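Taking it in order: structure first as structure tokens, then the write-up.
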Number of protein chains: 2
Amino acid sequence: MIKRILIIVFGIALWFSPRPAELGPQEWHLFAIFITTIFSVVFNAFNVLPASILALAITILTGTLPPADAFSGFSEGFILLILVAFLIAKAVVKSGLGNRIALLMISRFGHSTLGLGYSLLVTDLMIAPAFPSNTARSGVLFPVIFSLAESNGSYPDTPSAKKIGSFLMFVSMYGLSLSSGLWLTAMAANPVGAAIAGEWGVDINFGNWFLAALPPTLIAAALVPFVLYKVFPPEMKKTPHAPENAKKKLHEIGKMNRHEIITLIVFVIMVTAWAMPSSMGIDRATIAFLGLGILMVTDVFTMADMRKEGEALATFIWFAILYTLSSYLNKLGFMGYIGQQLSHHLSGFSWPVVYTVLITAYVLIHYLFVSQSAQLLALYGVFLSAGIATGVPPTLLALMLLFATNFFSVLTPQASSCNVLFAGSGYLKNSMVYKLGGLVTLLNLLIFMIFGTLWILLIF
Amino acid sequence: MIKRILIIVFGIALWFSPRPAELGPQEWHLFAIFITTIFSVVFNAFNVLPASILALAITILTGTLPPADAFSGFSEGFILLILVAFLIAKAVVKSGLGNRIALLMISRFGHSTLGLGYSLLVTDLMIAPAFPSNTARSGVLFPVIFSLAESNGSYPDTPSAKKIGSFLMFVSMYGLSLSSGLWLTAMAANPVGAAIAGEWGVDINFGNWFLAALPPTLIAAALVPFVLYKVFPPEMKKTPHAPENAKKKLHEIGKMNRHEIITLIVFVIMVTAWAMPSSMGIDRATIAFLGLGILMVTDVFTMADMRKEGEALATFIWFAILYTLSSYLNKLGFMGYIGQQLSHHLSGFSWPVVYTVLITAYVLIHYLFVSQSAQLLALYGVFLSAGIATGVPPTLLALMLLFATNFFSVLTPQASSCNVLFAGSGYLKNSMVYKLGGLVTLLNLLIFMIFGTLWILLIF
């Protein structure tokens, strides 16, 4: 209760405090609403859903945004993709297919929970270049992890969540922050960033991107899951008999049933369509709707199943609202202002200082962004030009900012659309995601700034 | 299964069949998709949710509409209003406030189920002039009816639904079709229609509207619930001891608890804001979001409650999709084409024939429309001008088309946004709504065409 009063007082104080001359009242008020909402979730004063709903109401009632703009996130394609992927994941689990894949994984890598975590991460790193949408990729991984948890007696929204589910969910969410940065084609905005870098004469292609990203990515992939295992340990650690038991269970469940086969076919169609380049013009959310429609008319996912999916609705609402507020903060010029201020204050310092400050600031500013692509579009060019003007090697800065655009994706529950399924799974508390997300993003930053920087300077 | 194959064959045949020269392929294909979807629900081949989802996917994948247009319904204010009203209704029920109001009503009118039905209808007719949004009004009535049903042991999605809940839900949904047409200010589009009529020299104001609408509305209000009672009987009919028991229970539950008081305050605030004219600039959906946010931070409606609300999500998805498809059918000019064809074929007939055909056609065409306002905007002017040109008395035609815009609102589950809460309540099957909706709309048409026409000719 005290927390709640403090956060409300903070919000009101920020609203009425003097604003920089360059910013209009609209930008400033939207900033006050947005940052107060984020803080209220970070400090656990409010759950993210009521906090977002109230933020939306206040934004409209104060005239900060008109209703049509403030509601626009609800019809964004990639937000609908998350909603539908959420439902499809439940169908994959319910059909038994998720359980089968999970048992297959356990029979190979299931000696320990940490082993399972690593095997999920490696899978993600390897399938990533074929998935230009990391949101779609999270929709592929999520049902498998969900089934892995449930087949080990670890259920969402219960104390058993901590047994194994919470750990695997977070490791996989973390894994996406690495897999998206390892390949030029593993995240939608990567090629956009490469194109912008081209305007500064930096040539980034599939090959040199991968070469530059590989060493720091491998170091992080090896190190960070182990750190998480220590600071956020699963209750169930060693499972020496799990592979054997899994094999027995696989034998027991026998051949695939009708629901599993339908789900597998739908899943393969969706994954194939999702993996296609977006230039083919196939809308990803539409593919998800098609898949869900087929799963429903074949009774794999029924109306009775649908009635239990209030969590999907909750996630859809809060993510759509936060995304919209953040995107208008950007559209109204607030983000650009921050970038300009920063580059203005950096002139006169040596390039390693400028480089370090720019990358660190770029990562920290991501607390304000809901979506990796939005930040890249808003600030990548500004930061690149500011750094190059003060002498930072262009290729180094261009690549590191692009890597940061991916490795900061686990900073907050809404830092990337690929987090949302995990954050809304019922296995992770939002306040926990903020804490662990901050920690592993810091580790990513250190690993990439030290090993990544040296490696890039060595090879280019 | 045979039904499904037939409906798909029908859809494909319609898609490839020759189209009128005035219509482009886009309009024709959208019409084929939309009408196939509606038929598949009418004939119970598919549930409305998967049917709508597949319709959306097909619309986009065939290039009939671009994704951004096809998704636009998800961020429509009044569709979000329905979604949030759905959740608030559950909070009203859960807090105990709905039960208290229901017990109060039973203690007065609860001798019979039919008596309860009439008392709900009278309440609606009386509060209607203060609610310019019948969607908002349905959000006020719905939780009370839900509580009335549950306090009589009649639960959604169970066989007990037919005990009393199904009957009360349908009677109240029907009641909205009358209450919205009784007052100029009881439905958002009524004043718009009155303004259009003014362009043809017909003066419609609050007083003469009410005077003209009163006799046919009272006849329908008295007659139709009784007909429904015969053709769609509640399993529980006479309840002679119910008022006494309700009084006892009211005594037992004692004073209002904290949750009830908070809910009452929120509800009064929302109802007050919803009842204000839209010229005050208060967005109705935003008011609903505000109310839901308050109910959540005060723990009246919790995240655990939210997780059960998959039905709200299902309703939101199918209604948003059907609304969007219908509105684009209108935007692309398909609806206007129908209206022109009709007026073209009517020249040469005597005015009573023209009048009867126009009103009947206007009602039947509503099978294609999702939203009363959309049809009024698309066709009211066309029909009015066609009728006046062939000699129909302008005031009669202007008023009757406006009344029809309201009394056809119960034709299909999606015929009006004010139906959606009831249709998605779990008390009514969609195929049943189509059957009963057709029946009571026919009764409305007969009552208004006979008594309404004579009365209007008498007084004007």
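Following the order of the structure tokens, chains are lettered A, B, ..., residues in each are numbered from 1, and ligands are numbered from 1.
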With 9 Å as the limit and counting only C-alpha atoms, what residues in chain B lie close to chain A? Please list them as a ChimeraX atom specification. /B:46-47,49-58,60-61,67-68,70-77,80,282-283,285-297,303-314
Spatial neighbours of B:Ala102, 12 Å, only C-alpha atoms, chain gap at least 6 places, as a list in words: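 Final neighbour list, sorted by chain and number: Val92, Val93, Gly96, Arg108, Phe109, Gly110, Leu116, Ser119, Leu120, Leu141, Phe142, Pro143, Val144, Ile145, Phe146, Ser147, Leu148, Ala149, Glu150, Ser151, Asn152, Ala242, Pro243, Ala246, Lys247, Lys249 and Leu250 of chain B.
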Restrict the selected residues to C-alpha atoms and save them as a PDB file, in the first residue's frame.
```pdb
ATOM      1  CA  VAL B  92     -20.230  -7.369 -10.550  1.00  0.00           C
ATOM      2  CA  VAL B  93     -21.359 -10.967 -10.209  1.00  0.00           C
ATOM      3  CA  GLY B  96     -21.962 -10.212  -4.677  1.00  0.00           C
ATOM      4  CA  ARG B 108     -40.578  -8.026  -5.940  1.00  0.00           C
ATOM      5  CA  PHE B 109     -41.247  -9.711  -9.278  1.00  0.00           C
ATOM      6  CA  GLY B 110     -40.056 -13.264  -8.727  1.00  0.00           C
ATOM      7  CA  LEU B 116     -38.904 -11.529 -14.082  1.00  0.00           C
ATOM      8  CA  SER B 119     -39.602  -6.624 -15.118  1.00  0.00           C
ATOM      9  CA  LEU B 120     -36.196  -6.663 -16.861  1.00  0.00           C
ATOM     10  CA  LEU B 141     -28.286  -5.209 -17.653  1.00  0.00           C
ATOM     11  CA  PHE B 142     -26.104  -8.232 -18.326  1.00  0.00           C
ATOM     12  CA  PRO B 143     -24.528  -8.741 -14.876  1.00  0.00           C
ATOM     13  CA  VAL B 144     -27.944  -8.483 -13.217  1.00  0.00           C
ATOM     14  CA  ILE B 145     -29.384 -11.151 -15.514  1.00  0.00           C
ATOM     15  CA  PHE B 146     -26.318 -13.312 -15.014  1.00  0.00           C
ATOM     16  CA  SER B 147     -26.810 -13.103 -11.253  1.00  0.00           C
ATOM     17  CA  LEU B 148     -30.546 -13.753 -11.570  1.00  0.00           C
ATOM     18  CA  ALA B 149     -29.734 -16.953 -13.431  1.00  0.00           C
ATOM     19  CA  GLU B 150     -26.976 -18.136 -11.103  1.00  0.00           C
ATOM     20  CA  SER B 151     -28.962 -17.367  -7.953  1.00  0.00           C
ATOM     21  CA  ASN B 152     -31.613 -19.711  -9.347  1.00  0.00           C
ATOM     22  CA  ALA B 242     -39.157 -17.298  -4.551  1.00  0.00           C
ATOM     23  CA  PRO B 243     -39.944 -13.741  -3.341  1.00  0.00           C
ATOM     24  CA  ALA B 246     -35.198 -14.004  -1.654  1.00  0.00           C
ATOM     25  CA  LYS B 247     -36.165 -11.773   1.273  1.00  0.00           C
ATOM     26  CA  LYS B 249     -31.522 -14.568   1.742  1.00  0.00           C
ATOM     27  CA  LEU B 250     -31.212 -10.786   1.609  1.00  0.00           C
TER      28      LEU B 250
END
```
What gap, in Å, lies between atom CA of B:Gly339 and atom CA of B:Phe206?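 So the two atoms, atom CA of B:Gly339 and atom CA of B:Phe206, lie 28.2 Å apart.
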Which parts of stretch 96-319 of chain A does DSSP call alpha helix (DSSP H) when run on the backbone here, written out as a PyMOL selection string? chain A and resi 97-109+113-127+134-150+165-182+190-199+206-231+242-253+258-275+284-297+303-306+310-319
Show which residues sit within 12 Å of B:Asn430, as an MDAnalysis selection string. Count only C-alpha atoms, and ignore same-chain residues fewer than 3 positions away. chainID B and resid 38:49 166 170 315 410:415 419:420 422:427 433:437
Include N, CA and C atoms and write out the residues we just selected as a compact mmCIF listing (two decimals), in the first residue's frame.
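Output file again-v8.txt follows:
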```txt
# COMPACT_ATOMS: atom_id res chain seq x y z
N ILE B 38 -21.33 -16.60 -42.38
CA ILE B 38 -22.62 -16.45 -41.70
C ILE B 38 -23.44 -17.75 -41.86
N PHE B 39 -23.51 -18.27 -43.08
CA PHE B 39 -24.28 -19.50 -43.31
C PHE B 39 -23.71 -20.66 -42.49
N SER B 40 -22.38 -20.75 -42.42
CA SER B 40 -21.79 -21.88 -41.70
C SER B 40 -22.17 -21.84 -40.22
N VAL B 41 -22.42 -20.64 -39.71
CA VAL B 41 -22.86 -20.53 -38.31
C VAL B 41 -24.37 -20.77 -38.21
N VAL B 42 -25.13 -20.18 -39.16
CA VAL B 42 -26.59 -20.36 -39.14
C VAL B 42 -26.94 -21.85 -39.20
N PHE B 43 -26.27 -22.59 -40.07
CA PHE B 43 -26.58 -24.00 -40.25
C PHE B 43 -25.75 -24.91 -39.35
N ASN B 44 -25.08 -24.28 -38.38
CA ASN B 44 -24.41 -25.06 -37.34
C ASN B 44 -23.30 -25.97 -37.88
N ALA B 45 -22.70 -25.59 -39.01
CA ALA B 45 -21.61 -26.39 -39.55
C ALA B 45 -20.33 -26.13 -38.76
N PHE B 46 -20.11 -24.87 -38.40
CA PHE B 46 -18.95 -24.50 -37.60
C PHE B 46 -19.39 -23.60 -36.46
N ASN B 47 -18.63 -23.65 -35.37
CA ASN B 47 -18.81 -22.67 -34.31
C ASN B 47 -18.37 -21.30 -34.85
N VAL B 48 -18.96 -20.25 -34.31
CA VAL B 48 -18.69 -18.91 -34.85
C VAL B 48 -17.21 -18.50 -34.71
N LEU B 49 -16.53 -18.99 -33.66
CA LEU B 49 -15.14 -18.58 -33.47
C LEU B 49 -14.20 -19.15 -34.55
N SER B 166 -31.22 -19.05 -19.95
CA SER B 166 -31.36 -18.89 -21.40
C SER B 166 -32.55 -17.99 -21.74
N PHE B 170 -32.33 -14.22 -23.48
CA PHE B 170 -32.90 -13.90 -24.79
C PHE B 170 -33.95 -12.80 -24.68
N THR B 315 -15.27 -14.17 -27.66
CA THR B 315 -16.28 -13.23 -28.15
C THR B 315 -15.62 -12.03 -28.82
N VAL B 410 -32.04 -7.84 -33.18
CA VAL B 410 -31.92 -9.14 -32.54
C VAL B 410 -31.93 -10.26 -33.59
N LEU B 411 -31.78 -9.87 -34.86
CA LEU B 411 -31.86 -10.81 -35.98
C LEU B 411 -30.81 -11.92 -35.91
N THR B 412 -29.57 -11.54 -35.59
CA THR B 412 -28.47 -12.51 -35.51
C THR B 412 -27.64 -12.18 -34.26
N PRO B 413 -26.76 -13.10 -33.84
CA PRO B 413 -25.95 -12.78 -32.65
C PRO B 413 -25.12 -11.51 -32.84
N GLN B 414 -24.71 -11.26 -34.08
CA GLN B 414 -23.85 -10.09 -34.32
C GLN B 414 -24.61 -8.92 -34.93
N ALA B 415 -25.95 -9.00 -34.94
CA ALA B 415 -26.74 -7.95 -35.58
C ALA B 415 -26.62 -6.62 -34.86
N ASN B 419 -26.00 -7.18 -28.54
CA ASN B 419 -26.33 -8.61 -28.37
C ASN B 419 -25.17 -9.42 -27.84
N VAL B 420 -23.96 -8.90 -28.04
CA VAL B 420 -22.79 -9.77 -27.97
C VAL B 420 -22.56 -10.35 -26.58
N PHE B 422 -24.82 -11.15 -24.41
CA PHE B 422 -25.80 -12.22 -24.21
C PHE B 422 -25.42 -13.45 -25.04
N ALA B 423 -25.09 -13.19 -26.31
CA ALA B 423 -24.76 -14.30 -27.21
C ALA B 423 -23.51 -15.04 -26.74
N GLY B 424 -22.60 -14.34 -26.08
CA GLY B 424 -21.38 -14.97 -25.61
C GLY B 424 -21.45 -15.43 -24.16
N SER B 425 -22.64 -15.37 -23.56
CA SER B 425 -22.77 -15.62 -22.12
C SER B 425 -22.64 -17.09 -21.75
N GLY B 426 -22.78 -17.99 -22.74
CA GLY B 426 -22.81 -19.40 -22.41
C GLY B 426 -24.22 -19.90 -22.11
N TYR B 427 -25.21 -19.01 -22.19
CA TYR B 427 -26.60 -19.40 -21.97
C TYR B 427 -27.35 -19.63 -23.28
N VAL B 433 -29.96 -18.52 -31.35
CA VAL B 433 -30.18 -17.08 -31.51
C VAL B 433 -30.65 -16.77 -32.93
N TYR B 434 -30.07 -17.46 -33.91
CA TYR B 434 -30.51 -17.24 -35.29
C TYR B 434 -31.99 -17.59 -35.46
N LYS B 435 -32.41 -18.75 -34.91
CA LYS B 435 -33.80 -19.18 -35.07
C LYS B 435 -34.76 -18.24 -34.35
N LEU B 436 -34.52 -18.04 -33.05
CA LEU B 436 -35.42 -17.18 -32.27
C LEU B 436 -35.34 -15.74 -32.75
N GLY B 437 -34.12 -15.32 -33.11
CA GLY B 437 -33.94 -13.95 -33.59
C GLY B 437 -34.75 -13.71 -34.85
```
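With only C-alpha atoms as the basis for measurement, A:Met400 is the residue among A:Ala222, A:Met400, A:Val268, A:Leu182 that approaches A:Trp455 most closely.
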Within 9 Å of A:Val392, counting only C-alpha atoms, which residues show up once you throw out same-chain ones fewer than 2 positions away? Write them as a list in words, please. Ser350, Trp351, Pro352, Val354, Tyr355, Gly387, Ile388, Ala389, Thr390, Pro394, Thr395, Leu396 and Leu397 of chain A
For the residues selected in the previous step, produce a file with N, CA and C atoms as a PDB file, in the first residue's frame.
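result29.pdb, written as the output of this step:
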```
ATOM      1  N   SER A 350      37.416  10.734 -25.517  1.00  0.00           N
ATOM      2  CA  SER A 350      38.127   9.772 -26.370  1.00  0.00           C
ATOM      3  C   SER A 350      37.166   8.681 -26.837  1.00  0.00           C
ATOM      4  N   TRP A 351      37.498   8.044 -27.984  1.00  0.00           N
ATOM      5  CA  TRP A 351      36.507   7.127 -28.554  1.00  0.00           C
ATOM      6  C   TRP A 351      36.155   5.928 -27.683  1.00  0.00           C
ATOM      7  N   PRO A 352      37.110   5.318 -26.916  1.00  0.00           N
ATOM      8  CA  PRO A 352      36.667   4.191 -26.081  1.00  0.00           C
ATOM      9  C   PRO A 352      35.625   4.607 -25.026  1.00  0.00           C
ATOM     10  N   VAL A 354      33.485   7.186 -25.348  1.00  0.00           N
ATOM     11  CA  VAL A 354      32.247   7.433 -26.085  1.00  0.00           C
ATOM     12  C   VAL A 354      31.561   6.110 -26.431  1.00  0.00           C
ATOM     13  N   TYR A 355      32.360   5.160 -26.922  1.00  0.00           N
ATOM     14  CA  TYR A 355      31.854   3.839 -27.314  1.00  0.00           C
ATOM     15  C   TYR A 355      31.158   3.152 -26.134  1.00  0.00           C
ATOM     16  N   GLY A 387      28.502   8.454 -32.526  1.00  0.00           N
ATOM     17  CA  GLY A 387      29.752   7.757 -32.231  1.00  0.00           C
ATOM     18  C   GLY A 387      30.798   7.956 -33.314  1.00  0.00           C
ATOM     19  N   ILE A 388      30.388   7.803 -34.579  1.00  0.00           N
ATOM     20  CA  ILE A 388      31.344   7.939 -35.683  1.00  0.00           C
ATOM     21  C   ILE A 388      31.926   9.350 -35.703  1.00  0.00           C
ATOM     22  N   ALA A 389      31.077  10.349 -35.415  1.00  0.00           N
ATOM     23  CA  ALA A 389      31.538  11.749 -35.392  1.00  0.00           C
ATOM     24  C   ALA A 389      32.626  11.959 -34.356  1.00  0.00           C
ATOM     25  N   THR A 390      32.622  11.195 -33.269  1.00  0.00           N
ATOM     26  CA  THR A 390      33.642  11.380 -32.229  1.00  0.00           C
ATOM     27  C   THR A 390      34.757  10.343 -32.321  1.00  0.00           C
ATOM     28  N   PRO A 394      33.740   2.783 -37.105  1.00  0.00           N
ATOM     29  CA  PRO A 394      32.357   2.579 -37.563  1.00  0.00           C
ATOM     30  C   PRO A 394      31.885   1.137 -37.522  1.00  0.00           C
ATOM     31  N   THR A 395      32.729   0.185 -38.015  1.00  0.00           N
ATOM     32  CA  THR A 395      32.283  -1.208 -38.060  1.00  0.00           C
ATOM     33  C   THR A 395      32.026  -1.741 -36.655  1.00  0.00           C
ATOM     34  N   LEU A 396      32.928  -1.412 -35.731  1.00  0.00           N
ATOM     35  CA  LEU A 396      32.771  -1.854 -34.351  1.00  0.00           C
ATOM     36  C   LEU A 396      31.449  -1.348 -33.774  1.00  0.00           C
ATOM     37  N   LEU A 397      31.215  -0.052 -33.902  1.00  0.00           N
ATOM     38  CA  LEU A 397      30.016   0.549 -33.317  1.00  0.00           C
ATOM     39  C   LEU A 397      28.758   0.010 -33.985  1.00  0.00           C
TER      40      LEU A 397
END
```
I'd like the contact shell of B:Ser180 - 6 Å cut-off, only C-alpha atoms, skipping same-chain residues fewer than 6 positions apart - returned as a PDB file with all heavy atoms, in the first residue's frame.
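Okay, part-v4.pdb is ready:
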```
ATOM      1  N   ALA B 186     -31.782   6.631 -27.329  1.00  0.00           N
ATOM      2  CA  ALA B 186     -31.498   5.325 -26.739  1.00  0.00           C
ATOM      3  C   ALA B 186     -30.529   4.496 -27.574  1.00  0.00           C
ATOM      4  O   ALA B 186     -30.177   3.384 -27.190  1.00  0.00           O
ATOM      5  CB  ALA B 186     -32.797   4.548 -26.523  1.00  0.00           C
ATOM      6  N   MET B 187     -30.088   5.016 -28.718  1.00  0.00           N
ATOM      7  CA  MET B 187     -29.123   4.295 -29.548  1.00  0.00           C
ATOM      8  C   MET B 187     -28.296   5.322 -30.307  1.00  0.00           C
ATOM      9  O   MET B 187     -28.846   6.329 -30.783  1.00  0.00           O
ATOM     10  CB  MET B 187     -29.856   3.353 -30.513  1.00  0.00           C
ATOM     11  CG  MET B 187     -29.024   2.178 -31.022  1.00  0.00           C
ATOM     12  SD  MET B 187     -28.078   2.557 -32.505  1.00  0.00           S
ATOM     13  CE  MET B 187     -29.351   2.482 -33.764  1.00  0.00           C
ATOM     14  N   ASN B 406     -33.706  -0.366 -35.283  1.00  0.00           N
ATOM     15  CA  ASN B 406     -33.621  -0.882 -33.922  1.00  0.00           C
ATOM     16  C   ASN B 406     -34.297  -2.239 -33.759  1.00  0.00           C
ATOM     17  O   ASN B 406     -33.740  -3.131 -33.141  1.00  0.00           O
ATOM     18  CB  ASN B 406     -34.218   0.138 -32.952  1.00  0.00           C
ATOM     19  CG  ASN B 406     -33.341   1.379 -32.854  1.00  0.00           C
ATOM     20  OD1 ASN B 406     -32.236   1.308 -32.320  1.00  0.00           O
ATOM     21  ND2 ASN B 406     -33.784   2.490 -33.413  1.00  0.00           N
TER      22      ASN B 406
END
```
Just the number, please: distance in Å from atom CA of B:Glu244 to atom CA of B:Ser107, one decimal.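 Answer for the atom CA of B:Glu244 to atom CA of B:Ser107 separation: 6.4 Å.
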What's the separation between atom CA of A:Leu176 and atom CA of A:Ser385, in Å to one decimal place?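 We find that atom CA of A:Leu176 and atom CA of A:Ser385 lie 28.2 Å from each other.
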Excluding same-chain residues fewer than 2 positions from A:Ile204, what lies within 9 Å of it counting only C-alpha atoms, as a compact mmCIF listing (two decimals) with N, CA and C atoms, in the first residue's frame?
```txt
# COMPACT_ATOMS: atom_id res chain seq x y z
N LEU A 184 22.17 -12.72 -38.97
CA LEU A 184 21.54 -11.56 -39.63
C LEU A 184 20.05 -11.79 -39.82
N PRO A 191 18.27 -7.01 -40.51
CA PRO A 191 18.64 -6.53 -41.85
C PRO A 191 18.40 -5.02 -42.00
N ALA A 194 21.43 -3.45 -40.59
CA ALA A 194 22.56 -3.62 -41.52
C ALA A 194 22.46 -2.62 -42.67
N ALA A 195 21.24 -2.39 -43.14
CA ALA A 195 21.05 -1.43 -44.24
C ALA A 195 21.39 -0.01 -43.79
N ALA A 197 23.49 0.78 -41.43
CA ALA A 197 24.96 0.82 -41.30
C ALA A 197 25.62 1.04 -42.65
N GLY A 198 25.01 0.47 -43.70
CA GLY A 198 25.53 0.66 -45.05
C GLY A 198 25.60 2.13 -45.43
N VAL A 202 29.52 1.01 -43.76
CA VAL A 202 29.87 -0.25 -43.10
C VAL A 202 29.14 -1.39 -43.80
N PHE A 206 25.53 -11.55 -44.13
CA PHE A 206 25.24 -12.75 -43.36
C PHE A 206 26.52 -13.36 -42.76
N GLY A 207 27.59 -13.41 -43.58
CA GLY A 207 28.83 -14.06 -43.16
C GLY A 207 29.61 -13.30 -42.11
N ASN A 208 29.85 -11.99 -42.36
CA ASN A 208 30.68 -11.28 -41.38
C ASN A 208 29.93 -11.01 -40.08
N TRP A 209 28.60 -10.89 -40.19
CA TRP A 209 27.78 -10.79 -38.97
C TRP A 209 28.00 -12.02 -38.09
N THR A 395 32.73 0.18 -38.02
CA THR A 395 32.28 -1.21 -38.06
C THR A 395 32.03 -1.74 -36.66
N ALA A 398 28.79 -0.09 -35.33
CA ALA A 398 27.61 -0.56 -36.06
C ALA A 398 27.24 -1.97 -35.62
N LEU A 399 28.24 -2.86 -35.51
CA LEU A 399 27.95 -4.24 -35.12
C LEU A 399 27.51 -4.32 -33.66
```
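Excluding B:Thr441 itself and same-chain residues fewer than 6 positions from it, the residues having an atom within 10 Å of it are Tyr174, Ser177, Val224, Val363, Leu364, Ala404, Phe407, Phe408, Ser409, Val410, Leu411, Thr412 and Ile447 of chain B, counting only C-alpha atoms.
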